[in-house]
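Below is one structure, written out as structure tokens, with a few remarks after it.
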Amino acid sequence: MTTEKETPIDNYFAAIDLGSSKITGVVAQKTDEGRINIIACEQTESQGIRRGEVKNLSDCAYKINEIVKKLENHKALRDNKIEIKKIYVGLGGHTIKTQANGIKRILGGEEVTEATINEMLNECRKMRLENSETFEVVEQEFLVDGMLEYNPVGMTCDSVQGNYKIIHGKPELKGSLLRSFSKANQLEVAGMFISPVATAEAALTETDKEMGCALIDFGADTTSICVYYNGYLRHVATVPFGGNVVTSDIKDLHVTQDIAEKIKIKFGNAMAALETKKHIVIPEQEGKTISTEVLASLIEARIDEILDFVWKEIEKSKFASKLGNGIIITGGASQLKNLDKFISSKTGCDVRYASHARHIDIESKFDEDVNSLVIGLLLLANETCAVTKVEVDDDVVVEVKEEKKVAKKGFGTRTKRPVVAITNFFGNLFNLEENDENEKM
């Protein structure tokens, strides 16, 4: 008798970004050079997610199923009977924070061994934080007899101290995320990485991390911050404000939520001083107009407020004065006109937009539809996520070799240097005629 059996397919990776405004799913392969070749990409409006956290398991699971089915229906997958069984995902949310910790060993003139380093790291991982769960522990420098060292293994000393950054957050963050995938047709999570760190993997270069930089990811409901210096991740934080608060402010000008979002996308300007005087005509509301100067002043005030929170987090890292490569911005809300200029004027830092183009294979499709987080997850992926259904004769014994797993799932990776620009959320959805005195929606 002939039946269909599932066989894992090498070099097929799947990742999903569960954003607060939209969900993006991608299937890709990696070239021999490590670049990403995107085979399929799908997007849908988000549901069940608020401020980066799963709030409704059923709604989120429904959207995950929707994305996976659409991905599997792409010709490249459908024709080869390829199904997605595992997926990589980012862990985000406004409760994610960073805490410094040091673990010390008295050696009395003995040699520092790899076992010593591993013991200190494991002790730090076991540290319990009140009302919080540890998601990742990132190594920093070491102190050998009080002197700074980056690799103390092999050195003899009286004492060695390992310095670490503990990334932690509300315990429900991880559990809710895993349960939503379990409800989504028993879809398995191949790996889970801290969203801001995965984004940095795609957005930043090793030079950025070495010279010092801050990556700011402006999302819909949240804005996340990563600070790097001397090659190490120094600080991770998320503030509970994003592009949606700007939309809400515009809505207070007596327009609908949908119109407010369109106005932000087409006419939004983060610097009132650089705005020319025009009036936006709202066709849906007869006689209704909005001054672009008023709009820009409103947006600038809100962005200024968000940046106050962001800069406080950068100062908490204690590396605000060491951002040699400045500030790199990404995310949907980063596409506000003149946002880079406003941030530079406020902070005194050089500001540029991130780009992940160097990670995308020249033959890849959908590169304009993916974002930094998805690319970062794919770069970190090491376990194939797809299977194919093949017809086999049940009378024939088929030997199936167990798949070799390269690394632990989840947060088990040890890395000193954890992940470019997110999709242009505002994009060119509308054409603005700059010379017109009155603009129509």
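By order of appearance in the structure tokens: chains A, B, ..., then residues from 1 within every chain, and ligands from 1 in the order shown.
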Query - alpha helix (DSSP H) positions in segment 27-268 of chain A, given as number ranges by chain - result: A: 57-72, 75-78, 114-125, 172-183, 195-203, 206-211, 243-251, 257-267
Query raised in the report: Near Ile263 of chain A, within 10 Å and counting only C-alpha atoms, which residues show up once chain neighbours fewer than 2 positions away are dropped, as a list in words?
Result: Thr247, Ile250, Lys251, Val255, Gln257, Asp258, Ile259, Ala260, Glu261, Ile265, Lys266, Phe267, Gly268, Ile280, Ile282, Ile290, Thr292, Leu295, Phe430 and Met441 of chain A
Would you mind exporting the chosen residues as a PDB file, in the first residue's frame, restricted to N, CA and C atoms?
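part_28.pdb, freshly written:
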```pdb
ATOM      1  N   THR A 247      -0.907  58.805  15.423  1.00  0.00           N
ATOM      2  CA  THR A 247      -2.190  58.679  14.728  1.00  0.00           C
ATOM      3  C   THR A 247      -3.343  59.129  15.616  1.00  0.00           C
ATOM      4  N   ILE A 250      -3.527  62.878  15.752  1.00  0.00           N
ATOM      5  CA  ILE A 250      -4.107  63.435  14.522  1.00  0.00           C
ATOM      6  C   ILE A 250      -5.621  63.238  14.516  1.00  0.00           C
ATOM      7  N   LYS A 251      -6.061  62.115  15.043  1.00  0.00           N
ATOM      8  CA  LYS A 251      -7.500  61.847  15.116  1.00  0.00           C
ATOM      9  C   LYS A 251      -8.216  62.912  15.941  1.00  0.00           C
ATOM     10  N   VAL A 255     -10.939  63.852  12.801  1.00  0.00           N
ATOM     11  CA  VAL A 255     -11.009  62.981  11.632  1.00  0.00           C
ATOM     12  C   VAL A 255     -11.076  61.544  12.135  1.00  0.00           C
ATOM     13  N   GLN A 257     -10.088  57.457  12.461  1.00  0.00           N
ATOM     14  CA  GLN A 257      -8.814  56.757  12.659  1.00  0.00           C
ATOM     15  C   GLN A 257      -8.155  56.441  11.325  1.00  0.00           C
ATOM     16  N   ASP A 258      -8.942  55.974  10.359  1.00  0.00           N
ATOM     17  CA  ASP A 258      -8.407  55.619   9.048  1.00  0.00           C
ATOM     18  C   ASP A 258      -7.831  56.847   8.341  1.00  0.00           C
ATOM     19  N   ILE A 259      -8.562  57.951   8.384  1.00  0.00           N
ATOM     20  CA  ILE A 259      -8.084  59.188   7.753  1.00  0.00           C
ATOM     21  C   ILE A 259      -6.836  59.701   8.465  1.00  0.00           C
ATOM     22  N   ALA A 260      -6.827  59.610   9.791  1.00  0.00           N
ATOM     23  CA  ALA A 260      -5.661  60.063  10.560  1.00  0.00           C
ATOM     24  C   ALA A 260      -4.402  59.301  10.165  1.00  0.00           C
ATOM     25  N   GLU A 261      -4.541  58.002   9.978  1.00  0.00           N
ATOM     26  CA  GLU A 261      -3.388  57.185   9.569  1.00  0.00           C
ATOM     27  C   GLU A 261      -2.898  57.589   8.181  1.00  0.00           C
ATOM     28  N   ILE A 265       0.787  59.154   7.123  1.00  0.00           N
ATOM     29  CA  ILE A 265       1.635  58.535   6.107  1.00  0.00           C
ATOM     30  C   ILE A 265       2.008  59.516   5.001  1.00  0.00           C
ATOM     31  N   LYS A 266       1.023  60.278   4.542  1.00  0.00           N
ATOM     32  CA  LYS A 266       1.255  61.134   3.376  1.00  0.00           C
ATOM     33  C   LYS A 266       1.846  62.488   3.728  1.00  0.00           C
ATOM     34  N   PHE A 267       1.441  63.066   4.851  1.00  0.00           N
ATOM     35  CA  PHE A 267       1.817  64.442   5.148  1.00  0.00           C
ATOM     36  C   PHE A 267       2.624  64.606   6.434  1.00  0.00           C
ATOM     37  N   GLY A 268       2.835  63.530   7.174  1.00  0.00           N
ATOM     38  CA  GLY A 268       3.508  63.640   8.465  1.00  0.00           C
ATOM     39  C   GLY A 268       4.912  64.201   8.364  1.00  0.00           C
ATOM     40  N   ILE A 280      -4.581  70.617   3.996  1.00  0.00           N
ATOM     41  CA  ILE A 280      -4.972  69.279   3.540  1.00  0.00           C
ATOM     42  C   ILE A 280      -6.489  69.236   3.464  1.00  0.00           C
ATOM     43  N   ILE A 282      -9.915  67.202   3.181  1.00  0.00           N
ATOM     44  CA  ILE A 282     -10.431  65.870   3.518  1.00  0.00           C
ATOM     45  C   ILE A 282     -11.694  65.621   2.706  1.00  0.00           C
ATOM     46  N   ILE A 290      -7.051  70.676   7.102  1.00  0.00           N
ATOM     47  CA  ILE A 290      -6.097  70.674   8.207  1.00  0.00           C
ATOM     48  C   ILE A 290      -4.828  71.379   7.738  1.00  0.00           C
ATOM     49  N   THR A 292      -1.013  72.013   7.401  1.00  0.00           N
ATOM     50  CA  THR A 292       0.178  71.169   7.530  1.00  0.00           C
ATOM     51  C   THR A 292       1.098  71.681   8.633  1.00  0.00           C
ATOM     52  N   LEU A 295      -0.365  70.341  11.790  1.00  0.00           N
ATOM     53  CA  LEU A 295      -0.090  68.901  11.812  1.00  0.00           C
ATOM     54  C   LEU A 295       1.351  68.627  12.229  1.00  0.00           C
ATOM     55  N   PHE A 430       1.179  57.234  -1.244  1.00  0.00           N
ATOM     56  CA  PHE A 430       0.508  58.399  -1.787  1.00  0.00           C
ATOM     57  C   PHE A 430       1.539  59.285  -2.464  1.00  0.00           C
ATOM     58  N   MET A 441      -6.769  64.563   0.090  1.00  0.00           N
ATOM     59  CA  MET A 441      -6.485  63.258   0.666  1.00  0.00           C
ATOM     60  C   MET A 441      -6.675  62.207  -0.406  1.00  0.00           C
TER      61      MET A 441
END
```
Requested in this report: Tell me which protein, DNA and RNA residues are within 6 Å of segment 359-364 of chain A, counting only C-alpha atoms, leaving out same-chain ones fewer than 6 positions away, and put them as a ChimeraX atom specification.
Outcome: /A:35-38
Requested in this report: Just the residues within 8 Å of segment 89-102 of chain A, please, counting only C-alpha atoms, with nothing from its chain fewer than 6 positions along; format it as JSON, numbers by chain.
Outcome: {"A": [15, 16, 17, 18, 51, 52, 53, 124, 161, 162, 163, 164, 165, 166, 167, 168, 169, 170, 173, 174, 177, 189, 191, 192, 193, 194, 195, 196, 198, 222, 235, 236, 237, 238, 239, 240, 373, 377]}
Pull N, CA and C atoms from the residues just selected and write them as a compact mmCIF listing (two decimals), in the first residue's frame.
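Result written to again31.txt:
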```txt
# COMPACT_ATOMS: atom_id res chain seq x y z
N ALA A 15 10.15 32.33 9.26
CA ALA A 15 10.15 33.28 10.37
C ALA A 15 8.90 34.13 10.30
N ILE A 16 8.47 34.61 11.46
CA ILE A 16 7.26 35.42 11.52
C ILE A 16 7.46 36.57 12.50
N ASP A 17 7.00 37.74 12.09
CA ASP A 17 7.03 38.93 12.94
C ASP A 17 5.60 39.24 13.37
N LEU A 18 5.33 39.05 14.64
CA LEU A 18 4.00 39.31 15.18
C LEU A 18 3.93 40.76 15.66
N ARG A 51 1.01 46.06 21.97
CA ARG A 51 2.31 46.49 22.49
C ARG A 51 3.32 45.35 22.48
N GLY A 52 3.31 44.57 21.40
CA GLY A 52 4.27 43.50 21.22
C GLY A 52 3.99 42.25 22.01
N GLU A 53 2.86 42.20 22.70
CA GLU A 53 2.53 41.06 23.56
C GLU A 53 1.23 40.40 23.10
N CYS A 124 24.62 32.94 36.61
CA CYS A 124 23.89 34.16 36.29
C CYS A 124 22.53 33.83 35.67
N GLN A 161 36.05 38.07 37.68
CA GLN A 161 34.63 38.43 37.73
C GLN A 161 34.07 38.55 36.33
N GLY A 162 32.97 37.88 36.09
CA GLY A 162 32.27 38.01 34.82
C GLY A 162 31.15 39.02 34.95
N ASN A 163 31.06 39.93 34.00
CA ASN A 163 29.98 40.92 33.98
C ASN A 163 28.97 40.54 32.91
N TYR A 164 27.69 40.64 33.24
CA TYR A 164 26.63 40.16 32.35
C TYR A 164 25.49 41.16 32.28
N LYS A 165 24.75 41.07 31.20
CA LYS A 165 23.49 41.78 31.06
C LYS A 165 22.37 40.75 31.00
N ILE A 166 21.45 40.85 31.94
CA ILE A 166 20.31 39.94 31.98
C ILE A 166 19.14 40.60 31.28
N ILE A 167 18.65 39.98 30.21
CA ILE A 167 17.47 40.49 29.51
C ILE A 167 16.26 39.74 30.07
N HIS A 168 15.34 40.48 30.61
CA HIS A 168 14.21 39.85 31.31
C HIS A 168 12.93 40.61 31.03
N GLY A 169 11.81 40.02 31.45
CA GLY A 169 10.52 40.65 31.25
C GLY A 169 9.41 39.89 31.94
N LYS A 170 8.21 40.31 31.73
CA LYS A 170 7.04 39.68 32.35
C LYS A 170 6.98 38.21 31.97
N LEU A 173 5.01 36.78 28.87
CA LEU A 173 5.40 37.08 27.49
C LEU A 173 5.70 35.82 26.69
N LYS A 174 6.61 35.03 27.21
CA LYS A 174 7.06 33.83 26.51
C LYS A 174 5.96 32.77 26.48
N LEU A 177 3.14 33.50 24.00
CA LEU A 177 3.61 33.34 22.63
C LEU A 177 3.65 31.86 22.24
N VAL A 189 7.67 26.02 17.53
CA VAL A 189 8.60 27.14 17.50
C VAL A 189 10.02 26.58 17.40
N GLY A 191 12.77 28.37 17.11
CA GLY A 191 13.67 29.20 17.91
C GLY A 191 13.01 30.52 18.23
N MET A 192 13.34 31.05 19.39
CA MET A 192 12.76 32.32 19.83
C MET A 192 13.91 33.23 20.26
N PHE A 193 13.95 34.43 19.70
CA PHE A 193 15.02 35.37 20.01
C PHE A 193 14.43 36.72 20.42
N ILE A 194 15.14 37.42 21.28
CA ILE A 194 14.69 38.75 21.71
C ILE A 194 14.57 39.63 20.47
N SER A 195 13.39 40.20 20.25
CA SER A 195 13.11 40.94 19.01
C SER A 195 14.09 42.07 18.73
N PRO A 196 14.36 42.96 19.70
CA PRO A 196 15.32 44.03 19.40
C PRO A 196 16.71 43.51 19.05
N ALA A 198 17.39 40.51 17.65
CA ALA A 198 17.30 39.92 16.31
C ALA A 198 17.30 41.02 15.24
N THR A 222 5.06 50.22 20.17
CA THR A 222 6.24 50.33 21.03
C THR A 222 7.44 50.86 20.25
N HIS A 235 22.65 47.36 26.40
CA HIS A 235 21.35 47.72 26.98
C HIS A 235 20.25 47.38 25.99
N VAL A 236 19.15 46.86 26.50
CA VAL A 236 17.94 46.60 25.72
C VAL A 236 16.75 47.12 26.51
N ALA A 237 15.87 47.83 25.85
CA ALA A 237 14.66 48.33 26.52
C ALA A 237 13.59 48.60 25.48
N THR A 238 12.36 48.66 25.94
CA THR A 238 11.22 48.99 25.08
C THR A 238 10.33 49.98 25.82
N VAL A 239 9.95 51.04 25.12
CA VAL A 239 9.01 52.01 25.72
C VAL A 239 7.65 51.83 25.06
N PRO A 240 6.56 51.99 25.83
CA PRO A 240 5.22 51.66 25.32
C PRO A 240 4.57 52.75 24.48
N LEU A 373 13.44 42.62 11.60
CA LEU A 373 13.26 41.53 12.54
C LEU A 373 13.21 40.19 11.83
N LEU A 377 15.88 37.14 12.27
CA LEU A 377 15.49 35.78 12.68
C LEU A 377 16.02 34.75 11.69
```
Query - Residue nearest Gly332 of chain A - candidates A:Val138, A:Val54, A:Met147, A:Ala220, atoms counted: only C-alpha atoms - result: A:Ala220
Query raised in the report: Quick one: residues within 9 Å of Ile84 of chain A, only C-alpha atoms counted, chain neighbours fewer than 4 positions away excluded, as a list in words?
Result: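 Listed by chain and then number, they are Tyr12, Phe13, Ala14, Val27, Val68, Lys69, Leu71, Glu72, Leu187, Cys385, Ala386, Val387 and Thr388 of chain A.
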